[in-house]
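File shown: query-v7.txt (compact mmCIF, C-alpha atoms and all ligand atoms).
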# COMPACT_ATOMS: atom_id res chain seq x y z
CA MET A 1 55.82 63.20 85.97
CA ARG A 2 56.76 66.46 84.30
CA PRO A 3 60.51 66.86 83.65
CA ILE A 4 60.12 70.47 82.46
CA GLN A 5 58.30 73.24 84.33
CA TRP A 6 57.98 76.91 83.42
CA GLU A 7 57.14 79.05 86.43
CA ASN A 8 57.18 82.86 86.53
CA GLY A 9 59.88 83.17 83.91
CA VAL A 10 62.07 80.44 85.40
CA LEU A 11 62.72 77.12 83.61
CA LYS A 12 62.89 74.13 85.94
CA LEU A 13 64.36 70.82 84.82
CA ILE A 14 64.55 67.55 86.70
CA ASP A 15 68.24 66.60 86.52
CA GLN A 16 67.94 63.27 84.67
CA THR A 17 71.63 62.51 85.07
CA ARG A 18 71.00 62.09 88.82
CA LEU A 19 67.89 59.88 88.64
CA PRO A 20 66.89 57.53 90.14
CA THR A 21 69.12 57.91 93.20
CA GLU A 22 68.61 61.68 93.56
CA TYR A 23 65.62 63.83 92.58
CA ILE A 24 67.03 67.30 91.94
CA VAL A 25 65.29 70.15 90.14
CA ASN A 26 67.61 72.77 88.57
CA GLU A 27 66.45 76.31 87.81
CA TYR A 28 67.46 78.24 84.66
CA THR A 29 67.21 81.88 83.65
CA ASP A 30 70.13 81.96 81.15
CA TYR A 31 69.67 80.43 77.68
CA LYS A 32 73.37 79.46 77.46
CA VAL A 33 73.06 77.36 80.60
CA VAL A 34 69.90 75.79 79.13
CA ALA A 35 71.86 74.87 75.98
CA GLN A 36 74.54 73.27 78.15
CA ALA A 37 71.84 71.33 80.06
CA ILE A 38 70.61 69.88 76.73
CA LYS A 39 74.19 68.94 75.75
CA ASP A 40 74.85 67.35 79.14
CA MET A 41 71.54 65.44 78.94
CA ILE A 42 70.16 66.92 82.16
CA VAL A 43 67.09 67.01 79.94
CA ARG A 44 66.95 64.48 77.09
CA GLY A 45 64.50 62.74 74.78
CA ALA A 46 63.48 64.22 71.43
CA PRO A 47 60.24 66.04 72.37
CA ALA A 48 61.65 67.21 75.74
CA ILE A 49 64.69 68.89 74.21
CA GLY A 50 62.41 70.64 71.70
CA VAL A 51 60.21 72.05 74.49
CA THR A 52 63.30 73.03 76.52
CA ALA A 53 64.87 74.87 73.56
CA ALA A 54 61.60 76.79 73.07
CA TYR A 55 61.82 78.05 76.67
CA GLY A 56 65.55 78.74 76.15
CA ILE A 57 64.52 81.14 73.36
CA VAL A 58 62.06 82.85 75.72
CA LEU A 59 64.86 83.31 78.27
CA GLY A 60 67.10 84.78 75.55
CA ALA A 61 64.32 87.16 74.48
CA LYS A 62 63.82 88.33 78.07
CA GLU A 63 67.58 88.96 78.38
CA PHE A 64 67.79 91.09 75.22
CA CYS A 65 64.36 92.76 75.19
CA THR A 66 65.65 96.22 76.14
CA LEU A 67 67.89 96.47 73.04
CA SER A 68 66.94 98.06 69.73
CA LYS A 69 64.86 95.89 67.38
CA GLU A 70 67.83 95.36 65.07
CA VAL A 71 70.28 94.32 67.79
CA PHE A 72 67.56 92.22 69.47
CA MET A 73 67.09 90.24 66.25
CA GLU A 74 70.86 89.74 65.88
CA LYS A 75 71.11 88.48 69.46
CA MET A 76 68.09 86.19 68.99
CA GLN A 77 69.66 84.70 65.88
CA LYS A 78 72.62 83.77 68.07
CA VAL A 79 70.34 82.38 70.80
CA CYS A 80 68.72 80.08 68.21
CA ASP A 81 72.13 79.02 66.86
CA VAL A 82 73.47 78.18 70.32
CA LEU A 83 70.40 76.04 71.05
CA ARG A 84 70.60 74.37 67.62
CA ASN A 85 74.22 73.38 68.23
CA THR A 86 73.46 71.21 71.21
CA ARG A 87 72.40 67.80 69.88
CA PRO A 88 72.23 66.97 66.15
CA THR A 89 70.00 63.90 65.80
CA ALA A 90 66.55 64.60 67.27
CA VAL A 91 64.69 66.69 64.71
CA ASN A 92 62.15 67.88 67.31
CA LEU A 93 64.83 70.29 68.56
CA PHE A 94 65.09 72.02 65.17
CA TRP A 95 61.32 71.78 64.64
CA ALA A 96 60.66 73.66 67.90
CA ILE A 97 63.35 76.29 67.25
CA ASP A 98 61.99 76.88 63.72
CA ARG A 99 58.50 77.27 65.14
CA MET A 100 59.74 79.85 67.66
CA TYR A 101 61.74 81.63 64.95
CA THR A 102 58.60 82.03 62.85
CA ILE A 103 57.11 84.08 65.72
CA LEU A 104 60.33 86.09 66.08
CA ALA A 105 60.53 86.88 62.39
CA LYS A 106 56.94 88.21 62.11
CA GLU A 107 57.11 91.86 61.18
CA ASN A 108 53.74 92.95 62.53
CA HIS A 109 54.56 93.18 66.26
CA ASN A 110 54.14 96.61 67.88
CA ASN A 111 57.23 96.32 70.07
CA ILE A 112 59.76 93.85 71.46
CA MET A 113 57.75 93.26 74.64
CA GLU A 114 54.87 92.00 72.51
CA THR A 115 57.30 89.65 70.72
CA VAL A 116 58.51 88.33 74.08
CA THR A 117 54.91 87.68 75.20
CA LEU A 118 54.10 85.90 71.93
CA LEU A 119 57.25 83.77 72.25
CA GLU A 120 56.28 82.74 75.77
CA GLN A 121 52.77 81.86 74.57
CA GLU A 122 54.22 79.79 71.72
CA ALA A 123 56.55 77.85 74.06
CA ASN A 124 53.61 77.12 76.38
CA LYS A 125 51.62 75.97 73.34
CA ILE A 126 54.40 73.60 72.22
CA TYR A 127 54.48 72.21 75.78
CA ASP A 128 50.69 71.72 76.08
CA GLU A 129 50.37 70.28 72.58
CA ASP A 130 53.08 67.72 73.36
CA VAL A 131 51.04 66.35 76.27
CA ASP A 132 47.90 66.10 74.10
CA ILE A 133 49.85 64.51 71.23
CA ASN A 134 51.32 61.86 73.53
CA ARG A 135 47.86 61.01 74.87
CA ALA A 136 46.60 60.63 71.28
CA ILE A 137 49.58 58.39 70.36
CA GLY A 138 48.77 56.34 73.47
CA CYS A 139 45.14 56.03 72.48
CA TYR A 140 45.90 54.78 68.94
CA GLY A 141 48.83 52.63 70.09
CA ASN A 142 46.75 50.94 72.75
CA GLY A 143 44.65 49.45 69.94
CA LEU A 144 47.63 47.24 69.03
CA ILE A 145 48.27 46.00 72.58
CA ARG A 146 46.55 42.83 73.73
CA GLU A 147 45.56 41.67 77.19
CA ASN A 148 48.54 40.09 79.01
CA ASP A 149 51.11 41.36 76.49
CA THR A 150 54.72 41.71 77.56
CA ILE A 151 56.31 44.65 75.78
CA LEU A 152 60.02 45.22 75.31
CA THR A 153 61.25 48.80 75.18
CA HIS A 154 64.67 50.33 74.64
CA CYS A 155 65.99 53.60 76.12
CA ASN A 156 63.44 55.97 77.69
CA ALA A 157 60.59 57.29 75.58
CA GLY A 158 58.57 58.09 78.66
CA ALA A 159 57.18 61.12 80.46
CA LEU A 160 60.79 62.08 81.21
CA ALA A 161 61.55 62.30 77.47
CA THR A 162 58.55 64.53 76.70
CA ALA A 163 56.46 67.25 78.37
CA ASP A 164 54.49 64.42 80.03
CA PHE A 165 53.05 60.90 79.44
CA GLY A 166 55.66 59.77 76.92
CA THR A 167 55.45 58.18 73.48
CA ALA A 168 56.41 54.48 73.77
CA LEU A 169 55.68 54.53 77.51
CA GLY A 170 52.58 56.61 76.74
CA VAL A 171 51.21 53.62 74.80
CA ILE A 172 52.03 51.39 77.76
CA ARG A 173 50.33 53.87 80.16
CA ALA A 174 47.28 54.03 77.89
CA ALA A 175 47.04 50.22 77.83
CA LYS A 176 47.18 50.17 81.61
CA GLU A 177 44.55 52.93 81.85
CA ALA A 178 42.36 50.81 79.54
CA GLY A 179 42.50 48.04 82.14
CA LYS A 180 44.88 45.72 80.28
CA HIS A 181 47.26 43.56 82.32
CA ILE A 182 50.53 44.25 80.63
CA SER A 183 54.16 44.00 81.68
CA VAL A 184 57.36 45.48 80.35
CA PHE A 185 60.92 44.33 79.74
CA ALA A 186 63.22 47.37 79.83
CA ASP A 187 66.64 47.19 78.15
CA GLU A 188 69.17 48.92 80.40
CA THR A 189 70.45 50.88 77.34
CA ARG A 190 74.20 51.16 77.56
CA PRO A 191 76.08 53.44 77.70
CA PHE A 192 73.89 56.16 79.27
CA LEU A 193 71.56 53.68 80.98
CA GLN A 194 68.29 55.48 80.22
CA GLY A 195 66.48 52.13 80.51
CA ALA A 196 67.88 51.18 83.90
CA ARG A 197 67.83 54.66 85.39
CA LEU A 198 64.74 56.27 83.82
CA THR A 199 62.35 53.73 82.24
CA ALA A 200 62.65 51.33 85.19
CA PHE A 201 62.15 54.31 87.55
CA GLU A 202 59.08 55.65 85.72
CA LEU A 203 57.29 52.31 85.38
CA HIS A 204 58.18 51.05 88.84
CA HIS A 205 56.98 54.35 90.33
CA GLU A 206 53.59 53.86 88.63
CA GLY A 207 53.17 50.21 89.54
CA ILE A 208 53.51 48.90 85.96
CA PRO A 209 55.29 45.52 86.21
CA VAL A 210 58.78 45.96 84.75
CA THR A 211 61.72 43.60 84.41
CA LEU A 212 65.09 45.22 83.83
CA ILE A 213 67.45 43.34 81.50
CA THR A 214 70.85 44.13 80.02
CA ASP A 215 70.78 44.91 76.30
CA ASN A 216 72.32 41.59 75.29
CA MET A 217 69.48 39.61 76.92
CA ALA A 218 66.71 40.79 74.58
CA GLY A 219 67.23 38.06 71.93
CA HIS A 220 67.23 35.33 74.58
CA PHE A 221 63.84 36.41 75.96
CA MET A 222 62.36 36.86 72.47
CA LYS A 223 63.41 33.32 71.53
CA GLN A 224 61.86 32.01 74.73
CA GLY A 225 58.52 33.54 73.69
CA LYS A 226 58.51 35.99 76.60
CA ILE A 227 58.09 39.14 74.47
CA ASN A 228 54.88 39.87 72.51
CA CYS A 229 55.90 43.14 70.91
CA VAL A 230 58.54 45.88 70.95
CA ILE A 231 57.69 49.58 71.28
CA VAL A 232 60.38 52.27 71.03
CA GLY A 233 60.42 56.02 70.50
CA ALA A 234 62.27 57.88 67.75
CA ASP A 235 64.58 60.86 67.34
CA ARG A 236 64.08 61.31 63.63
CA ILE A 237 62.09 59.40 61.02
CA ALA A 238 62.91 59.81 57.32
CA SER A 239 60.16 60.00 54.65
CA ASN A 240 60.70 56.34 53.76
CA GLY A 241 60.10 55.18 57.36
CA ASP A 242 63.75 54.63 58.39
CA VAL A 243 63.97 55.39 62.11
CA ALA A 244 66.83 56.92 64.10
CA ASN A 245 66.58 56.07 67.78
CA LYS A 246 68.87 55.27 70.69
CA ILE A 247 71.90 53.14 69.85
CA GLY A 248 70.94 49.47 70.07
CA THR A 249 67.44 49.94 68.61
CA TYR A 250 68.53 48.49 65.26
CA SER A 251 69.75 45.27 66.93
CA VAL A 252 66.43 44.96 68.78
CA ALA A 253 64.50 45.44 65.51
CA VAL A 254 66.51 42.74 63.71
CA LEU A 255 65.99 40.35 66.62
CA ALA A 256 62.26 41.11 66.62
CA LYS A 257 61.97 40.27 62.91
CA GLU A 258 63.96 37.04 63.37
CA ASN A 259 61.53 36.04 66.13
CA ASN A 260 58.32 37.19 64.33
CA ILE A 261 57.60 39.84 66.95
CA PRO A 262 55.97 43.14 65.90
CA PHE A 263 58.32 46.12 66.17
CA TYR A 264 56.43 49.39 66.73
CA VAL A 265 57.73 52.96 66.78
CA ALA A 266 55.69 55.54 68.75
CA ALA A 267 56.42 59.13 67.78
CA PRO A 268 54.79 62.50 67.15
CA ILE A 269 54.63 63.81 63.58
CA SER A 270 57.19 66.48 64.61
CA THR A 271 59.74 63.61 64.69
CA ILE A 272 59.30 63.02 60.96
CA ASP A 273 61.85 64.82 58.81
CA PHE A 274 59.98 65.18 55.52
CA THR A 275 63.11 66.71 53.94
CA LEU A 276 65.03 63.42 54.16
CA ASP A 277 64.42 60.60 51.68
CA ASN A 278 66.02 57.96 53.86
CA GLY A 279 67.81 57.28 57.14
CA VAL A 280 71.33 57.38 55.70
CA GLN A 281 71.02 61.18 55.69
CA ILE A 282 70.26 61.41 59.43
CA PRO A 283 73.19 62.95 61.39
CA ILE A 284 74.29 60.67 64.21
CA GLU A 285 75.63 62.28 67.37
CA GLU A 286 78.98 61.02 68.62
CA ARG A 287 79.29 61.51 72.38
CA ASN A 288 82.11 61.63 74.90
CA PRO A 289 84.10 58.34 75.08
CA LYS A 290 83.93 58.62 78.86
CA GLU A 291 80.30 57.46 78.70
CA VAL A 292 81.68 54.10 77.48
CA THR A 293 84.87 53.83 79.52
CA HIS A 294 83.21 54.80 82.80
CA ILE A 295 80.11 53.71 84.70
CA ALA A 296 78.90 56.03 87.48
CA GLY A 297 82.25 57.83 87.41
CA GLN A 298 84.20 54.57 87.79
CA ARG A 299 86.64 53.59 85.01
CA ILE A 300 85.86 50.12 83.61
CA ALA A 301 88.22 50.06 80.59
CA PRO A 302 91.98 50.43 80.23
CA GLU A 303 93.45 53.94 79.92
CA GLY A 304 94.21 54.92 76.31
CA ILE A 305 91.79 52.46 74.70
CA ALA A 306 90.11 53.51 71.42
CA VAL A 307 86.38 54.07 71.90
CA ALA A 308 83.39 54.73 69.62
CA ASN A 309 80.23 56.21 71.08
CA PRO A 310 77.47 56.88 68.54
CA ALA A 311 74.38 57.88 70.53
CA PHE A 312 71.86 56.69 67.91
CA ASP A 313 71.47 54.17 65.11
CA VAL A 314 69.12 53.91 62.15
CA THR A 315 66.65 51.05 61.79
CA PRO A 316 65.72 50.45 58.13
CA HIS A 317 61.96 50.71 57.54
CA ARG A 318 61.65 47.05 56.52
CA TYR A 319 62.00 46.13 60.21
CA VAL A 320 59.26 48.54 61.35
CA THR A 321 55.83 46.89 61.64
CA ALA A 322 53.99 50.19 62.19
CA ILE A 323 54.49 53.77 63.39
CA MET A 324 52.09 54.99 66.09
CA THR A 325 51.38 58.72 65.68
CA GLU A 326 48.84 61.23 67.01
CA LYS A 327 46.97 60.96 63.71
CA GLY A 328 46.74 57.18 63.80
CA ILE A 329 48.76 54.07 62.99
CA VAL A 330 50.94 54.26 59.89
CA TYR A 331 51.72 51.01 58.07
CA PRO A 332 53.92 50.26 55.06
CA PRO A 333 54.32 51.35 52.33
CA TYR A 334 55.81 54.18 54.40
CA LYS A 335 56.81 56.48 51.56
CA ALA A 336 53.18 56.83 50.49
CA ASN A 337 51.60 56.69 53.95
CA ILE A 338 54.05 59.03 55.71
CA GLY A 339 53.51 61.47 52.84
CA LYS A 340 49.81 61.66 53.79
CA LEU A 341 50.74 63.03 57.27
CA LYS A 342 52.32 66.21 55.88
O1 LIG B 1 70.02 60.38 74.07
P1 LIG B 1 68.60 60.50 74.51
O2 LIG B 1 68.34 59.99 75.90
O3 LIG B 1 68.05 61.88 74.30
O4 LIG B 1 67.81 59.54 73.50
C1 LIG B 1 66.44 59.38 73.64
C2 LIG B 1 65.85 58.43 72.69
O5 LIG B 1 66.52 57.83 71.89
C3 LIG B 1 64.35 58.30 72.72
O6 LIG B 1 63.96 57.01 72.39
C4 LIG B 1 63.74 59.28 71.71
O7 LIG B 1 64.25 60.56 71.89
C5 LIG B 1 62.26 59.34 71.82
S1 LIG B 1 61.71 60.10 73.32
C6 LIG B 1 60.03 60.20 73.28
Represent the structure from my file as structure tokens, please.
Amino acid sequence: MRPIQWENGVLKLIDQTRLPTEYIVNEYTDYKVVAQAIKDMIVRGAPAIGVTAAYGIVLGAKEFCTLSKEVFMEKMQKVCDVLRNTRPTAVNLFWAIDRMYTILAKENHNNIMETVTLLEQEANKIYDEDVDINRAIGCYGNGLIRENDTILTHCNAGALATADFGTALGVIRAAKEAGKHISVFADETRPFLQGARLTAFELHHEGIPVTLITDNMAGHFMKQGKINCVIVGADRIASNGDVANKIGTYSVAVLAKENNIPFYVAAPISTIDFTLDNGVQIPIEERNPKEVTHIAGQRIAPEGIAVANPAFDVTPHRYVTAIMTEKGIVYPPYKANIGKLK
């Protein structure tokens, strides 16, 4: 399942706000509309928004390629800024934009058309690499999954959150491909319901046994011995191993420790922010209160009520059993071992 497609200069995104009841593919040729699609979470998930932003830059370059070199560069600076100002937490977005900007800023291109071609090649490379990286994470992660394991996951770190295959769900896919009989408990993931709408959809579609639970049921099933391990994705990992991921992840990690259940994070190295010492420094996105007061457009809370809606939380590294990356499994002490991935 590929949520992002690039075909003949047109960016196609599966509208993830409509899944699973409607399967709609939107087409984009304007970088500003792409930025809005990231903000509105038509496309979401850390690696997926990075790939999408890279194609947004290609669309911007195609729009401004007939201008003089100087004006082109000014316009492209703005394109990058607009795409940067969409969602603050997932570092993959900034990582992908920086990578594209490195191509833009190279002085040795003969003309703007060559720059546009190189940008398109770079975006395709980011896309293809993401698929390979997820397969490698899956391969290493599968080594920690045992026959008959039941895995709890939170949010959607699946194919829909990446170019394909997924990170946390990539490990689950790899275990299935290896012939293991595994099953999954998917937290519904209030308020945006990525678990109920997207993870349940992806796994059900592929015939991987999945049980959907509300977020507040996780502790109950852990205590009953129904969960063997937890695997989640990440939006940003600090150098000390603190992990920002979808709101509610921290609670799951604390519950896992209390119940002696391994808590794994599956993420590409592009999710590690080597500039941050710890998770306190990770910016947390605050989203529209309507996501909390409404479900499927229906108001469920009184008018005028105060609402908080942080989209992510930070799980301190002491709760993280291991981090599954494309270069292998990283164990504590994280400061030293994450440093080796640089
Ligand atoms: O707000 P979202 O849906 O973009 O949040 C997604 C997550 O928190 C994922 O777990 C994370 O981005 C990893 S996706 C491979």
- Query: Which residue gives the smallest distance to ligand LIG 1 (chain B) among A:Lys246, A:Arg99, A:Lys62, A:Arg236, with only C-alpha atoms and all ligand atoms counted?
  - Reply: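 Looking only at the distances to ligand LIG 1 (chain B), the closest residue turns out to be A:Lys246.
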- For Leu19 (chain A): contacts at 9 Å, all atoms listed in the file, fewer than 5 positions along chain excluded, given as a ChimeraX atom specification: /A:14,24,197-198,201
- Measuring atom to atom with all atoms listed in the file, identify which of A:Val307, A:Val230, A:Ala301, A:Ile49 is nearest to Tyr319 (chain A). A:Val230
- Long-range neighbours of region 287-292 of chain A as a PyMOL selection string, 8 Å cut-off, only C-alpha atoms, 4 positions minimum in chain: chain A and resi 191-192+307-311
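With distances restricted to all atoms listed in the file, A:Asn134 is the closest residue to ligand LIG 1 (chain B) from A:Asn134, A:Ser183, A:Thr115, A:Asn259.
Distance-wise, CA of Glu114 (chain A) and CA of Val43 (chain A) end up 28.8 Å apart.
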When the cut-off is 8 Å and you count all atoms listed in the file, which residues lie near ligand LIG 1 (chain B), shown as a PDB file with C-alpha atoms, in the coordinates of the input?
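This went into selection38.pdb:
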ATOM      1  CA  MET A  41      71.540  65.440  78.940  1.00  0.00           C
ATOM      2  CA  VAL A  43      67.090  67.010  79.940  1.00  0.00           C
ATOM      3  CA  ARG A  44      66.950  64.480  77.090  1.00  0.00           C
ATOM      4  CA  GLY A  45      64.500  62.740  74.780  1.00  0.00           C
ATOM      5  CA  ALA A  46      63.480  64.220  71.430  1.00  0.00           C
ATOM      6  CA  PRO A  47      60.240  66.040  72.370  1.00  0.00           C
ATOM      7  CA  ALA A  48      61.650  67.210  75.740  1.00  0.00           C
ATOM      8  CA  ILE A  49      64.690  68.890  74.210  1.00  0.00           C
ATOM      9  CA  ALA A  90      66.550  64.600  67.270  1.00  0.00           C
ATOM     10  CA  HIS A 154      64.670  50.330  74.640  1.00  0.00           C
ATOM     11  CA  CYS A 155      65.990  53.600  76.120  1.00  0.00           C
ATOM     12  CA  ASN A 156      63.440  55.970  77.690  1.00  0.00           C
ATOM     13  CA  ALA A 157      60.590  57.290  75.580  1.00  0.00           C
ATOM     14  CA  GLY A 158      58.570  58.090  78.660  1.00  0.00           C
ATOM     15  CA  ALA A 159      57.180  61.120  80.460  1.00  0.00           C
ATOM     16  CA  ALA A 161      61.550  62.300  77.470  1.00  0.00           C
ATOM     17  CA  THR A 162      58.550  64.530  76.700  1.00  0.00           C
ATOM     18  CA  GLY A 166      55.660  59.770  76.920  1.00  0.00           C
ATOM     19  CA  THR A 167      55.450  58.180  73.480  1.00  0.00           C
ATOM     20  CA  ALA A 168      56.410  54.480  73.770  1.00  0.00           C
ATOM     21  CA  PHE A 192      73.890  56.160  79.270  1.00  0.00           C
ATOM     22  CA  GLN A 194      68.290  55.480  80.220  1.00  0.00           C
ATOM     23  CA  VAL A 232      60.380  52.270  71.030  1.00  0.00           C
ATOM     24  CA  GLY A 233      60.420  56.020  70.500  1.00  0.00           C
ATOM     25  CA  ALA A 234      62.270  57.880  67.750  1.00  0.00           C
ATOM     26  CA  ASP A 235      64.580  60.860  67.340  1.00  0.00           C
ATOM     27  CA  ALA A 244      66.830  56.920  64.100  1.00  0.00           C
ATOM     28  CA  ASN A 245      66.580  56.070  67.780  1.00  0.00           C
ATOM     29  CA  LYS A 246      68.870  55.270  70.690  1.00  0.00           C
ATOM     30  CA  ILE A 247      71.900  53.140  69.850  1.00  0.00           C
ATOM     31  CA  ALA A 266      55.690  55.540  68.750  1.00  0.00           C
ATOM     32  CA  ALA A 267      56.420  59.130  67.780  1.00  0.00           C
ATOM     33  CA  ALA A 311      74.380  57.880  70.530  1.00  0.00           C
ATOM     34  CA  PHE A 312      71.860  56.690  67.910  1.00  0.00           C
TER      35      PHE A 312
END
- Nearest to Ile97 (chain A), chosen from A:Glu74, A:Glu27, A:Asp164, A:Glu122, with all atoms listed in the file counted in the distances: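 Looking only at the distances to Ile97 (chain A), the closest residue turns out to be A:Glu122.
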- Message: With distances taken over all atoms listed in the file, which residue among A:Val254, A:Ala196, A:Leu59, A:Val184 lies nearest Thr21 (chain A)?
- Response: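 Of A:Val254, A:Ala196, A:Leu59, A:Val184, the one nearest Thr21 (chain A), counting all atoms listed in the file, is A:Ala196.
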- Of the residues A:Asp273, A:Glu286, A:Glu326, A:Glu188, which is the one nearest to Asn216 (chain A), using all atoms listed in the file? A:Glu188
- Message: What's around Asp242 (chain A) at 7 Å? Count only C-alpha atoms, leave out sequence neighbours fewer than 2 positions away in its own chain, and write the answer as JSON, numbers by chain.
- Response: {"A": [237, 238, 240, 244, 278, 279, 314, 315, 316, 317]}
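For the atom pair formed by CA of Asp130 (chain A) and CA of Val51 (chain A), the distance is 8.4 Å, given to one decimal.
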